[in-house]
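**Student:** What follows is the file data.csv, containing CSV, C-alpha atoms:
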chain,number,residue,atom,x,y,z
A,30,MET,CA,11.4,7.8,-20.3
A,31,ARG,CA,15.1,7.1,-20.5
A,32,PHE,CA,15.6,7.9,-16.8
A,33,ILE,CA,12.4,6.3,-15.5
A,34,GLY,CA,13.0,3.3,-17.8
A,35,SER,CA,16.2,2.5,-15.9
A,36,LEU,CA,14.4,2.8,-12.6
A,37,ILE,CA,11.6,0.5,-13.8
A,38,GLU,CA,14.2,-2.2,-14.6
A,39,LYS,CA,15.7,-1.9,-11.2
A,40,LEU,CA,12.3,-1.9,-9.4
A,41,GLN,CA,11.2,-5.0,-11.3
A,42,ARG,CA,14.1,-6.9,-9.7
A,43,HIS,CA,13.1,-5.5,-6.2
A,44,PRO,CA,9.3,-4.9,-6.2
A,45,LYS,CA,7.9,-2.7,-3.5
A,46,ARG,CA,4.5,-1.8,-1.9
A,47,ILE,CA,3.4,1.8,-2.6
A,48,VAL,CA,0.4,3.3,-0.9
A,49,PHE,CA,-1.7,5.8,-2.8
A,50,PRO,CA,-4.2,7.6,-0.3
A,51,GLU,CA,-6.3,9.1,-3.2
A,52,GLY,CA,-7.9,5.8,-4.2
A,53,THR,CA,-10.7,7.3,-6.4
A,54,GLU,CA,-8.6,9.8,-8.3
A,55,PRO,CA,-8.5,8.8,-12.0
A,56,ARG,CA,-4.8,9.6,-12.5
A,57,ILE,CA,-3.9,7.6,-9.4
A,58,LEU,CA,-6.0,4.6,-10.5
A,59,GLN,CA,-4.3,4.7,-13.9
A,60,ALA,CA,-0.8,5.0,-12.4
A,61,ALA,CA,-1.5,2.2,-9.9
A,62,ARG,CA,-2.7,-0.1,-12.8
A,63,GLN,CA,0.5,0.7,-14.7
A,64,PHE,CA,2.6,0.1,-11.5
A,65,TYR,CA,1.2,-3.4,-11.2
A,66,SER,CA,1.2,-4.2,-14.9
A,67,LEU,CA,4.9,-3.3,-15.2
A,68,ARG,CA,5.6,-5.7,-12.3
A,69,LEU,CA,7.0,-2.9,-10.0
A,70,GLY,CA,5.2,-4.2,-6.9
A,71,ALA,CA,1.9,-4.0,-5.1
A,72,PRO,CA,0.0,-0.7,-5.3
A,73,ILE,CA,-2.3,0.0,-2.3
A,74,LEU,CA,-5.3,2.3,-2.8
A,75,LEU,CA,-7.1,3.9,0.1
A,76,GLY,CA,-10.7,4.8,0.1
A,77,ASP,CA,-14.3,3.4,0.2
A,78,ARG,CA,-14.2,0.1,-1.7
A,79,THR,CA,-17.4,0.8,-3.5
A,80,GLN,CA,-16.3,4.2,-4.6
A,81,VAL,CA,-12.9,3.0,-5.7
A,82,LYS,CA,-14.4,0.1,-7.7
A,83,ALA,CA,-17.0,2.5,-9.3
A,84,ALA,CA,-14.2,5.0,-10.3
A,85,ALA,CA,-12.1,2.1,-11.8
A,86,GLU,CA,-15.1,0.8,-13.8
A,87,GLN,CA,-15.8,4.2,-15.2
A,88,LEU,CA,-12.2,4.4,-16.4
A,89,ASN,CA,-12.2,0.8,-17.5
A,90,VAL,CA,-9.2,0.2,-15.2
A,91,SER,CA,-8.7,-3.3,-13.8
A,92,LEU,CA,-8.1,-3.6,-10.1
A,93,GLU,CA,-6.4,-7.0,-10.5
A,94,GLY,CA,-3.3,-7.0,-8.3
A,95,VAL,CA,-4.3,-3.7,-6.7
A,96,ARG,CA,-5.0,-3.8,-2.9
A,97,VAL,CA,-7.9,-1.6,-1.8
A,98,ILE,CA,-8.2,-0.6,1.9
A,99,ASN,CA,-11.0,1.4,3.5
A,100,PRO,CA,-9.4,3.0,6.6
A,101,ALA,CA,-12.8,3.2,8.3
A,102,GLU,CA,-13.2,-0.6,8.0
A,103,SER,CA,-9.6,-1.6,8.6
A,104,GLU,CA,-8.6,-4.0,11.4
A,105,ASP,CA,-5.6,-1.7,12.0
A,106,LEU,CA,-7.7,1.4,12.6
A,107,GLU,CA,-7.8,1.3,16.4
A,108,SER,CA,-4.1,0.4,16.8
A,109,PHE,CA,-3.1,3.1,14.4
A,110,ALA,CA,-5.3,5.6,16.3
A,111,ARG,CA,-3.7,4.6,19.6
A,112,ARG,CA,-0.2,5.1,18.2
A,113,PHE,CA,-1.2,8.5,16.8
A,114,GLU,CA,-2.6,9.5,20.2
A,115,LEU,CA,0.7,8.5,21.9
A,116,LEU,CA,2.6,10.3,19.2
A,117,ARG,CA,0.7,13.6,19.5
A,118,ARG,CA,-0.1,13.4,23.2
A,119,TYR,CA,2.1,16.4,23.9
A,120,LYS,CA,-0.2,18.4,21.6
A,121,GLY,CA,-3.2,17.4,23.6
A,122,ILE,CA,-4.6,15.0,21.1
A,123,LYS,CA,-7.3,12.7,22.6
A,124,GLU,CA,-8.6,9.3,21.6
A,125,LYS,CA,-11.6,10.6,19.6
A,126,GLU,CA,-9.4,13.1,17.7
A,127,ALA,CA,-6.8,10.4,16.9
A,128,MET,CA,-9.6,8.2,15.5
A,129,VAL,CA,-10.9,11.0,13.3
A,130,ALA,CA,-7.4,11.6,12.0
A,131,MET,CA,-6.9,7.9,11.1
A,132,HIS,CA,-10.1,8.0,9.0
A,133,ASN,CA,-8.2,10.5,6.8
A,134,PRO,CA,-6.5,8.4,4.0
A,135,ASN,CA,-3.3,10.6,4.1
A,136,TYR,CA,-2.9,10.0,7.8
A,137,TYR,CA,-3.7,6.3,7.5
A,138,GLY,CA,-1.3,6.0,4.6
A,139,ALA,CA,1.5,7.7,6.5
A,140,MET,CA,0.9,5.4,9.4
A,141,MET,CA,1.1,2.3,7.1
A,142,VAL,CA,4.5,3.4,5.8
A,143,ALA,CA,5.7,4.2,9.3
A,144,MET,CA,4.6,0.8,10.5
A,145,HIS,CA,6.3,-0.9,7.5
A,146,GLN,CA,3.0,-2.1,6.0
A,147,ALA,CA,4.0,-0.2,2.8
A,148,ASP,CA,7.4,0.8,1.5
A,149,GLY,CA,6.5,4.2,0.2
A,150,PHE,CA,3.8,6.9,0.1
A,151,VAL,CA,2.6,8.9,-3.0
A,152,SER,CA,-0.2,11.5,-2.6
A,153,GLY,CA,-1.1,15.1,-3.6
A,154,ALA,CA,-2.8,14.7,-7.0
A,155,SER,CA,-6.0,16.2,-5.6
A,156,GLU,CA,-4.8,17.7,-2.4
A,157,ILE,CA,-3.0,20.9,-1.5
A,158,THR,CA,0.5,20.5,-0.3
A,159,GLY,CA,-0.3,21.0,3.4
A,160,SER,CA,-2.8,18.2,3.4
A,161,THR,CA,-0.1,15.8,2.1
A,162,LEU,CA,2.9,17.1,4.1
A,163,ARG,CA,1.2,17.5,7.5
A,164,PRO,CA,0.5,13.8,8.2
A,165,LEU,CA,4.0,12.9,7.0
A,166,PHE,CA,5.7,15.4,9.3
A,167,GLN,CA,3.5,14.4,12.2
A,168,ILE,CA,3.8,10.6,11.8
A,169,ILE,CA,6.9,9.7,9.8
A,170,LYS,CA,9.0,12.8,10.8
A,171,VAL,CA,12.6,13.6,10.0
A,172,ALA,CA,15.1,10.7,9.8
A,173,PRO,CA,17.4,10.3,12.9
A,174,GLN,CA,20.6,11.4,11.1
A,175,ALA,CA,18.8,14.2,9.2
A,176,THR,CA,18.1,17.7,10.5
A,177,THR,CA,16.1,19.2,7.5
A,178,ALA,CA,13.1,17.9,5.6
A,179,SER,CA,13.0,19.3,2.1
A,180,SER,CA,12.0,18.2,-1.4
A,181,CYS,CA,13.3,18.0,-5.0
A,182,MET,CA,12.0,17.9,-8.5
A,183,ILE,CA,13.6,15.6,-11.0
A,184,MET,CA,13.5,16.9,-14.5
A,185,GLU,CA,14.3,15.0,-17.7
A,186,VAL,CA,14.7,17.2,-20.8
A,187,GLU,CA,15.2,16.1,-24.4
A,188,ASP,CA,18.6,17.9,-24.7
A,189,THR,CA,21.0,15.4,-23.2
A,190,ARG,CA,23.7,18.0,-22.9
A,191,PHE,CA,22.1,19.3,-19.8
A,192,GLY,CA,22.6,17.7,-16.4
A,193,GLU,CA,23.4,14.0,-16.5
A,194,ASN,CA,22.2,12.8,-19.9
A,195,GLY,CA,19.3,15.2,-19.7
A,196,VAL,CA,18.4,14.5,-16.0
A,197,MET,CA,18.6,17.3,-13.4
A,198,PHE,CA,17.7,17.5,-9.8
A,199,LEU,CA,16.2,20.8,-8.6
A,200,ALA,CA,15.8,21.7,-4.9
A,201,ASP,CA,14.1,22.9,-2.7
A,202,CYS,CA,11.0,23.4,-4.8
A,203,GLY,CA,8.3,22.6,-2.3
A,204,VAL,CA,9.0,22.8,1.5
A,205,ILE,CA,11.2,25.5,3.0
A,206,PRO,CA,10.4,29.1,2.0
A,207,GLU,CA,13.6,30.8,3.2
A,208,PRO,CA,16.3,28.2,4.2
A,209,THR,CA,19.1,29.2,6.6
A,210,VAL,CA,22.7,28.5,5.7
A,211,GLU,CA,22.4,25.2,7.6
A,212,GLN,CA,19.2,24.2,5.9
A,213,LEU,CA,20.5,25.1,2.5
A,214,SER,CA,23.6,23.0,3.0
A,215,ASP,CA,21.4,20.1,4.1
A,216,ILE,CA,19.2,20.5,1.0
A,217,ALA,CA,22.3,20.4,-1.2
A,218,VAL,CA,23.7,17.2,0.5
A,219,SER,CA,20.4,15.4,0.6
A,220,THR,CA,19.6,16.1,-3.0
A,221,ALA,CA,23.2,15.0,-4.0
A,222,GLN,CA,22.7,11.8,-2.1
A,223,LEU,CA,19.5,11.1,-4.0
A,224,ALA,CA,21.1,11.9,-7.3
A,225,ARG,CA,24.0,9.6,-6.5
A,226,GLN,CA,21.6,6.8,-5.6
A,227,LEU,CA,19.4,7.1,-8.7
A,228,LEU,CA,21.9,8.0,-11.3
A,229,GLY,CA,24.8,5.8,-10.1
A,230,LYS,CA,27.3,8.6,-10.8
A,231,PRO,CA,28.9,11.4,-8.7
A,232,PRO,CA,26.6,14.4,-8.8
A,233,ARG,CA,27.8,17.9,-9.7
A,234,VAL,CA,26.0,20.3,-7.4
A,235,ALA,CA,25.6,24.0,-8.1
A,236,LEU,CA,24.2,26.3,-5.4
A,237,LEU,CA,22.6,29.1,-7.4
A,238,SER,CA,22.4,32.8,-7.1
A,239,TYR,CA,22.1,35.9,-9.3
A,240,SER,CA,25.9,36.2,-8.8
A,241,THR,CA,28.8,34.1,-9.9
A,242,LYS,CA,31.8,34.1,-7.5
A,243,GLY,CA,31.3,37.6,-6.2
A,244,SER,CA,30.1,39.4,-9.3
A,245,ALA,CA,27.6,41.1,-7.0
A,246,THR,CA,27.4,41.7,-3.3
A,247,HIS,CA,24.4,41.1,-1.0
A,248,PRO,CA,23.7,39.2,2.2
A,249,SER,CA,21.7,36.6,0.2
A,250,ILE,CA,24.9,35.8,-1.8
A,251,GLY,CA,26.9,35.4,1.3
A,252,LYS,CA,24.4,32.9,2.6
A,253,VAL,CA,24.8,30.8,-0.6
A,254,GLN,CA,28.6,31.0,-0.4
A,255,ALA,CA,28.5,29.8,3.3
A,256,ALA,CA,26.1,27.0,2.5
A,257,THR,CA,28.3,25.8,-0.3
A,258,ALA,CA,31.4,25.5,2.0
A,259,LEU,CA,29.3,23.8,4.6
A,260,ALA,CA,27.7,21.3,2.1
A,261,GLN,CA,31.1,20.3,0.9
A,262,GLN,CA,32.2,19.7,4.5
A,263,LYS,CA,29.1,17.6,5.3
A,264,ALA,CA,29.5,15.6,2.1
A,265,GLU,CA,33.1,14.7,3.0
A,266,GLN,CA,32.0,13.6,6.5
A,267,LYS,CA,29.4,11.4,4.9
A,268,ARG,CA,31.9,10.1,2.3
A,269,LEU,CA,29.6,11.2,-0.4
A,270,ASP,CA,31.3,11.3,-3.8
A,271,ALA,CA,30.1,14.7,-5.1
A,272,ASP,CA,31.4,18.1,-6.2
A,273,PHE,CA,29.9,21.3,-4.9
A,274,ASP,CA,30.3,24.9,-6.2
A,275,GLY,CA,28.6,28.2,-5.6
A,276,GLU,CA,27.5,30.8,-5.8
A,277,LEU,CA,26.8,30.3,-9.5
A,278,GLN,CA,24.4,31.9,-11.9
A,279,VAL,CA,22.3,29.2,-13.7
A,280,ASP,CA,23.9,29.8,-17.1
A,281,ALA,CA,27.3,29.3,-15.6
A,282,ALA,CA,26.1,26.1,-13.9
A,283,LEU,CA,24.6,24.6,-17.1
A,284,VAL,CA,26.3,26.0,-20.2
A,285,PRO,CA,30.0,24.8,-20.8
A,286,ASP,CA,31.0,27.8,-23.0
A,287,ILE,CA,29.8,30.3,-20.4
A,288,ALA,CA,31.4,28.3,-17.6
A,289,ARG,CA,34.8,28.2,-19.4
A,290,ARG,CA,34.8,32.0,-19.6
A,291,LYS,CA,33.7,32.6,-16.0
A,292,LEU,CA,35.0,29.6,-14.1
A,293,PRO,CA,37.6,27.6,-16.1
A,294,GLU,CA,38.8,25.6,-13.1
A,295,SER,CA,35.4,24.6,-11.7
A,296,LYS,CA,34.5,20.9,-11.7
A,297,VAL,CA,30.8,21.8,-11.5
A,298,ALA,CA,30.3,24.8,-13.7
A,299,GLY,CA,28.9,24.0,-17.2
A,300,TYR,CA,28.0,20.5,-16.2
A,301,ALA,CA,25.8,20.7,-13.0
A,302,SER,CA,23.3,17.8,-12.5
A,303,VAL,CA,21.9,19.2,-9.2
A,304,LEU,CA,20.7,22.7,-8.9
A,305,ILE,CA,20.1,24.2,-5.4
A,306,PHE,CA,18.0,27.3,-5.3
A,307,PRO,CA,18.4,30.1,-2.6
A,308,ASP,CA,14.8,30.0,-1.6
A,309,LEU,CA,11.4,28.4,-2.4
A,310,ASN,CA,10.2,31.2,-4.7
A,311,ALA,CA,13.2,30.6,-7.0
A,312,GLY,CA,13.0,26.8,-6.9
A,313,ASN,CA,9.2,26.5,-7.4
A,314,ILE,CA,9.2,29.1,-10.3
A,315,ALA,CA,12.2,27.6,-12.0
A,316,SER,CA,10.9,24.0,-11.8
A,317,LYS,CA,7.5,24.9,-13.3
A,318,LEU,CA,9.2,27.0,-16.1
A,319,VAL,CA,11.4,24.1,-17.0
A,320,GLN,CA,8.5,21.6,-17.0
A,321,HIS,CA,6.2,23.7,-19.2
A,322,VAL,CA,8.4,25.8,-21.4
A,323,ALA,CA,11.0,23.0,-22.1
A,324,ARG,CA,8.2,20.4,-22.0
A,325,ALA,CA,10.3,18.4,-19.5
A,326,ASN,CA,9.2,15.2,-17.8
A,327,ALA,CA,8.8,16.3,-14.2
A,328,TYR,CA,8.8,14.0,-11.2
A,329,GLY,CA,8.2,15.2,-7.7
A,330,GLN,CA,8.1,16.6,-5.2
A,331,ILE,CA,10.3,13.8,-3.9
A,332,LEU,CA,10.6,14.4,-0.1
A,333,LEU,CA,14.1,14.4,1.4
A,334,GLY,CA,15.2,13.8,5.0
A,335,LEU,CA,12.1,11.9,6.1
A,336,ASP,CA,12.3,8.6,8.1
A,337,ARG,CA,10.6,6.8,5.2
A,338,PRO,CA,10.3,7.4,1.4
A,339,ALA,CA,7.4,9.6,0.3
A,340,ALA,CA,6.4,12.1,-2.4
A,341,ASP,CA,3.9,14.9,-2.8
A,342,VAL,CA,2.9,15.0,-6.4
A,343,SER,CA,1.6,18.2,-8.1
A,344,ARG,CA,-2.2,18.6,-8.7
A,345,GLY,CA,-1.1,19.2,-12.3
A,346,SER,CA,0.5,15.8,-12.7
A,347,ASN,CA,-0.7,13.3,-15.2
A,348,ALA,CA,-0.8,9.5,-14.7
A,349,HIS,CA,2.7,9.1,-16.4
A,350,ASP,CA,4.2,11.6,-13.9
A,351,ILE,CA,2.7,9.8,-11.0
A,352,LEU,CA,3.9,6.5,-12.2
A,353,GLY,CA,7.4,7.9,-12.5
A,354,VAL,CA,7.2,9.4,-8.9
A,355,ALA,CA,6.0,6.0,-7.6
A,356,ALA,CA,9.0,4.3,-9.4
A,357,ILE,CA,11.4,6.8,-7.8
A,358,VAL,CA,9.9,6.3,-4.3
A,359,GLY,CA,10.1,2.5,-4.8
A,360,VAL,CA,13.7,2.6,-5.9
A,361,GLN,CA,14.5,4.8,-2.9
A,362,SER,CA,13.1,2.3,-0.6
A,363,ILE,CA,15.4,-0.5,-1.9
A,364,ALA,CA,18.4,1.1,-0.3
A,365,TYR,CA,16.9,3.9,1.9
A,366,HIS,CA,19.4,3.1,4.6
A,367,ASP,CA,22.2,4.2,2.3
A,368,LEU,CA,20.6,7.7,2.4
A,369,PHE,CA,19.7,7.7,6.1
A,370,PRO,CA,21.4,4.8,8.0
A,371,ASP,CA,19.0,4.7,11.0
A,372,ALA,CA,15.8,5.4,9.1
A,373,GLY,CA,12.7,3.2,9.8
A,374,LYS,CA,14.0,1.8,13.0
A,375,ARG,CA,11.5,3.6,15.3
A,376,LEU,CA,7.7,3.0,15.2
A,377,PRO,CA,5.2,5.8,15.9
A,378,GLY,CA,4.3,6.1,19.6
A,379,ASP,CA,7.2,3.9,20.8
Kindly return the structure encoded in the file as structure tokens.
**Tutor:**
Amino acid sequence: MRFIGSLIEKLQRHPKRIVFPEGTEPRILQAARQFYSLRLGAPILLGDRTQVKAAAEQLNVSLEGVRVINPAESEDLESFARRFELLRRYKGIKEKEAMVAMHNPNYYGAMMVAMHQADGFVSGASEITGSTLRPLFQIIKVAPQATTASSCMIMEVEDTRFGENGVMFLADCGVIPEPTVEQLSDIAVSTAQLARQLLGKPPRVALLSYSTKGSATHPSIGKVQAATALAQQKAEQKRLDADFDGELQVDAALVPDIARRKLPESKVAGYASVLIFPDLNAGNIASKLVQHVARANAYGQILLGLDRPAADVSRGSNAHDILGVAAIVGVQSIAYHDLFPDAGKRLPGD
């Protein structure tokens, strides 16, 4: 909890409103209770009030300080549906279909965040990834100065020699199956920006491969090399204080002794705090291996490049994991404009 503890202290000074669409899910209820008890802000649960209260009573969880909204009975339902209809008109969405969509807590929650009625969105504990991401991409969409929406996992391991005092950012682990050179560079820069914001230190970004600096040849390696150069260029344009290197094998990225033998001049090798994977298979497999084999605290998926802060938690998450993700999303929202300067200025349907 070293990492999350530091975020909790920051969020206590700047409390935020986080919407949790899965209002009857036990782990969500427990995380929302902790969120309020720790004075992190106002948790908002979505769902039928009677069912939410019954689930809370069964868990002996107090709903004091927790706001409960039933989308079907909300005074904002009609206006949200109208905005969604306007937003999706080019897809042929009609009034009735828009109303049905807004009865869905994930769609309603995404609209709340888009309309600035909540500062962040956390869902996915009982939903497949598509059910969480689809409303976000349809309503919140990609931030104006971003071109790629992706995600990252934040891992905290006991061995503080790895990453930044044991904290590592792994991306993309949940959104883009086979990123292009452009997308891979965007993923690297967006993840580095988040790491810089949350850790307060310049991140060291390793773009990973099965090769280190040409030890093998393959088109996939060339893609990582090109993405590394492009990411460094984009970071300089954004005046982002970060170092990038690639292509690197993961041991060269994380282990100083190996890095000294392979890349003695590198500023990243041996000390990487951000690991960028060449595709979704590698990122997803690696993140789950680290979480379960190394018994790491895992927080994510934190979504990157969206117009508003949001996260898609794993169905395997516990209440502690969800609380950590909510804290991360809350801290993101404090200075989200530092990540994406024009984010949140447009409203759905305008």
**Student:** Can you tell me, as a PyMOL selection string, which residues sit within 12 Å of (15.5, 14.6, -19.8) in the file's frame, using all atoms listed in the file?
**Tutor:** chain A and resi 30-34+183-198+302+319-320+323-328
**Student:** Take atom CA of A:Lys374 and atom CA of A:Tyr119 and report the distance between them in Å, one decimal.
**Tutor:**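 Between atom CA of A:Lys374 and atom CA of A:Tyr119 the gap is 21.8 Å.
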**Student:** For a test of reading the model, state the distance in Å between atom CA of A:Lys252 and atom CA of A:Asp341, rounded to one decimal.
**Tutor:** 27.8 Å
**Student:** Taking all atoms listed in the file into account, name the residue in A:Val151, A:Gln278, A:Gln266, A:Pro307 that is nearest to A:Ala340.
**Tutor:**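 Residue with the minimum atom-to-atom distance to A:Ala340: A:Val151.
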**Student:** Taking (-9.7, -5.0, -12.8) in the coordinates of the supplied file, I want to know which residues reach to within 12 Å of it, counting only C-alpha atoms; could you give the answer as an MDAnalysis selection string?
**Tutor:** chainID A and resid 58:59 61:63 65:66 81:97
**Student:** Identify which of the residues A:Thr79, A:Gln262, A:Ser295, A:Gln41 lies closest to A:Leu67, counting all atoms listed in the file when measuring atom-to-atom distances.
**Tutor:**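 Nearest candidate to A:Leu67 out of A:Thr79, A:Gln262, A:Ser295, A:Gln41: A:Gln41.
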**Student:** Out of A:Leu332, A:Ala143, A:Ile314, A:Ile37, which residue has the shortest atom-to-atom distance to A:Thr158 when counting all atoms listed in the file?
**Tutor:** A:Leu332
**Student:** Need the shell around A:Val284: protein/DNA/RNA residues with any atom at most 8 Å away, counting all atoms listed in the file. Skip same-chain ones fewer than 4 positions apart. Format as an MDAnalysis selection string?
**Tutor:** chainID A and resid 191 280 288 298:300
**Student:** Would you write out those residues with C-alpha atoms, as a PDB file, in the coordinates of the input?
**Tutor:**
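Output contents, as saved in again32.pdb:
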ATOM      1  CA  PHE A 191      22.100  19.300 -19.800  1.00  0.00           C
ATOM      2  CA  ASP A 280      23.900  29.800 -17.100  1.00  0.00           C
ATOM      3  CA  ALA A 288      31.400  28.300 -17.600  1.00  0.00           C
ATOM      4  CA  ALA A 298      30.300  24.800 -13.700  1.00  0.00           C
ATOM      5  CA  GLY A 299      28.900  24.000 -17.200  1.00  0.00           C
ATOM      6  CA  TYR A 300      28.000  20.500 -16.200  1.00  0.00           C
TER       7      TYR A 300
END
**Student:** Neighbouring residues of A:Ser249 were defined as those with any atom within 10 Å, considering all atoms listed in the file; residues of the same chain fewer than 6 positions away were excluded. Please report them as an MDAnalysis selection string.
**Tutor:** chainID A and resid 210 238:240 307:308
**Student:** Go through A:Leu236, A:Arg289, A:Phe64, A:Val48 and flag the residue nearest A:Ala356, using only C-alpha atoms for the distances.
**Tutor:**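 Looking at the shortest contact to A:Ala356, the residue is A:Phe64.
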**Student:** Counting all atoms listed in the file, which of A:Glu156, A:Glu276, A:Asp215, A:Asp367 gets nearest to A:Glu54?
**Tutor:**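 Of the candidates, the smallest distance to A:Glu54 is held by A:Glu156.
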**Student:** In Å to one decimal, how far is atom CA of A:Ala60 from atom CA of A:Pro232?
**Tutor:**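 Pair atom CA of A:Pro232 / atom CA of A:Ala60 returns 29.2 Å.
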**Student:** With distances taken over all atoms listed in the file, which residue among A:Val297, A:Val142, A:Leu304, A:Ile169 lies nearest A:Ile216?
**Tutor:**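 Using all atoms listed in the file, A:Ile216 sits closest to A:Leu304.
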**Student:** Residues at most 10 Å from A:His132, counting all atoms listed in the file, excluding those fewer than 2 positions away in the same chain, as a VMD selection string?
**Tutor:** chain A and resid 76 99 to 103 106 110 127 to 130 134 to 137
**Student:** Which polymer residues have any atom within 7 Å of an atom of A:Ala172, counting all atoms listed in the file, with same-chain residues fewer than 5 positions away left out, as a list in words?
**Tutor:**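 Everything that qualifies: Gly334, Leu335, Asp336, Phe369 and Ala372 of chain A.
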**Student:** Considering only C-alpha atoms, return as a PDB file with C-alpha atoms, in the coordinates of the input whatever protein or nucleic-acid residues lie within 7 Å of A:Ala256, sequence-local ones (same chain, fewer than 6 positions apart) excluded.
**Tutor:**
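Written output follows (around_21.pdb):
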ATOM      1  CA  VAL A 210      22.700  28.500   5.700  1.00  0.00           C
ATOM      2  CA  GLU A 211      22.400  25.200   7.600  1.00  0.00           C
ATOM      3  CA  LEU A 213      20.500  25.100   2.500  1.00  0.00           C
ATOM      4  CA  SER A 214      23.600  23.000   3.000  1.00  0.00           C
TER       5      SER A 214
END
**Student:** Kindly add N, CA, C and O atoms to the incomplete stretch 143-154 of chain A and provide the output as an mmCIF file, in the frame of the given file.
**Tutor:**
data_model
loop_
_atom_site.group_PDB
_atom_site.id
_atom_site.type_symbol
_atom_site.label_atom_id
_atom_site.label_comp_id
_atom_site.auth_asym_id
_atom_site.auth_seq_id
_atom_site.Cartn_x
_atom_site.Cartn_y
_atom_site.Cartn_z
ATOM 1 N N ALA A 143 4.924 4.183 8.090
ATOM 2 C CA ALA A 143 5.700 4.200 9.300
ATOM 3 C C ALA A 143 5.723 2.874 10.035
ATOM 4 O O ALA A 143 6.709 2.528 10.690
ATOM 5 N N MET A 144 4.645 2.088 9.865
ATOM 6 C CA MET A 144 4.600 0.800 10.500
ATOM 7 C C MET A 144 5.078 -0.346 9.587
ATOM 8 O O MET A 144 4.887 -1.523 9.864
ATOM 9 N N HIS A 145 5.709 0.021 8.472
ATOM 10 C CA HIS A 145 6.300 -0.900 7.500
ATOM 11 C C HIS A 145 5.266 -1.836 6.855
ATOM 12 O O HIS A 145 5.597 -2.936 6.419
ATOM 13 N N GLN A 146 4.028 -1.365 6.766
ATOM 14 C CA GLN A 146 3.000 -2.100 6.000
ATOM 15 C C GLN A 146 2.999 -1.643 4.540
ATOM 16 O O GLN A 146 2.302 -2.221 3.714
ATOM 17 N N ALA A 147 3.759 -0.619 4.226
ATOM 18 C CA ALA A 147 4.000 -0.200 2.800
ATOM 19 C C ALA A 147 5.402 0.376 2.801
ATOM 20 O O ALA A 147 5.959 0.792 3.820
ATOM 21 N N ASP A 148 6.000 0.355 1.609
ATOM 22 C CA ASP A 148 7.400 0.800 1.500
ATOM 23 C C ASP A 148 7.548 2.240 1.081
ATOM 24 O O ASP A 148 8.631 2.804 1.216
ATOM 25 N N GLY A 149 6.457 2.836 0.590
ATOM 26 C CA GLY A 149 6.500 4.200 0.200
ATOM 27 C C GLY A 149 5.137 4.829 0.059
ATOM 28 O O GLY A 149 4.134 4.112 -0.003
ATOM 29 N N PHE A 150 5.090 6.169 0.006
ATOM 30 C CA PHE A 150 3.800 6.900 0.100
ATOM 31 C C PHE A 150 3.832 7.925 -1.085
ATOM 32 O O PHE A 150 4.803 8.666 -1.276
ATOM 33 N N VAL A 151 2.723 7.960 -1.869
ATOM 34 C CA VAL A 151 2.600 8.900 -3.000
ATOM 35 C C VAL A 151 1.193 9.528 -2.892
ATOM 36 O O VAL A 151 0.191 8.826 -3.019
ATOM 37 N N SER A 152 1.121 10.858 -2.705
ATOM 38 C CA SER A 152 -0.200 11.500 -2.600
ATOM 39 C C SER A 152 -0.012 12.949 -3.172
ATOM 40 O O SER A 152 1.083 13.355 -3.539
ATOM 41 N N GLY A 153 -1.127 13.701 -3.214
ATOM 42 C CA GLY A 153 -1.100 15.100 -3.600
ATOM 43 C C GLY A 153 -1.767 15.421 -4.927
ATOM 44 O O GLY A 153 -1.898 16.588 -5.286
ATOM 45 N N ALA A 154 -2.229 14.410 -5.686
ATOM 46 C CA ALA A 154 -2.800 14.700 -7.000
ATOM 47 C C ALA A 154 -4.098 15.501 -6.902
ATOM 48 O O ALA A 154 -4.436 16.245 -7.836
#
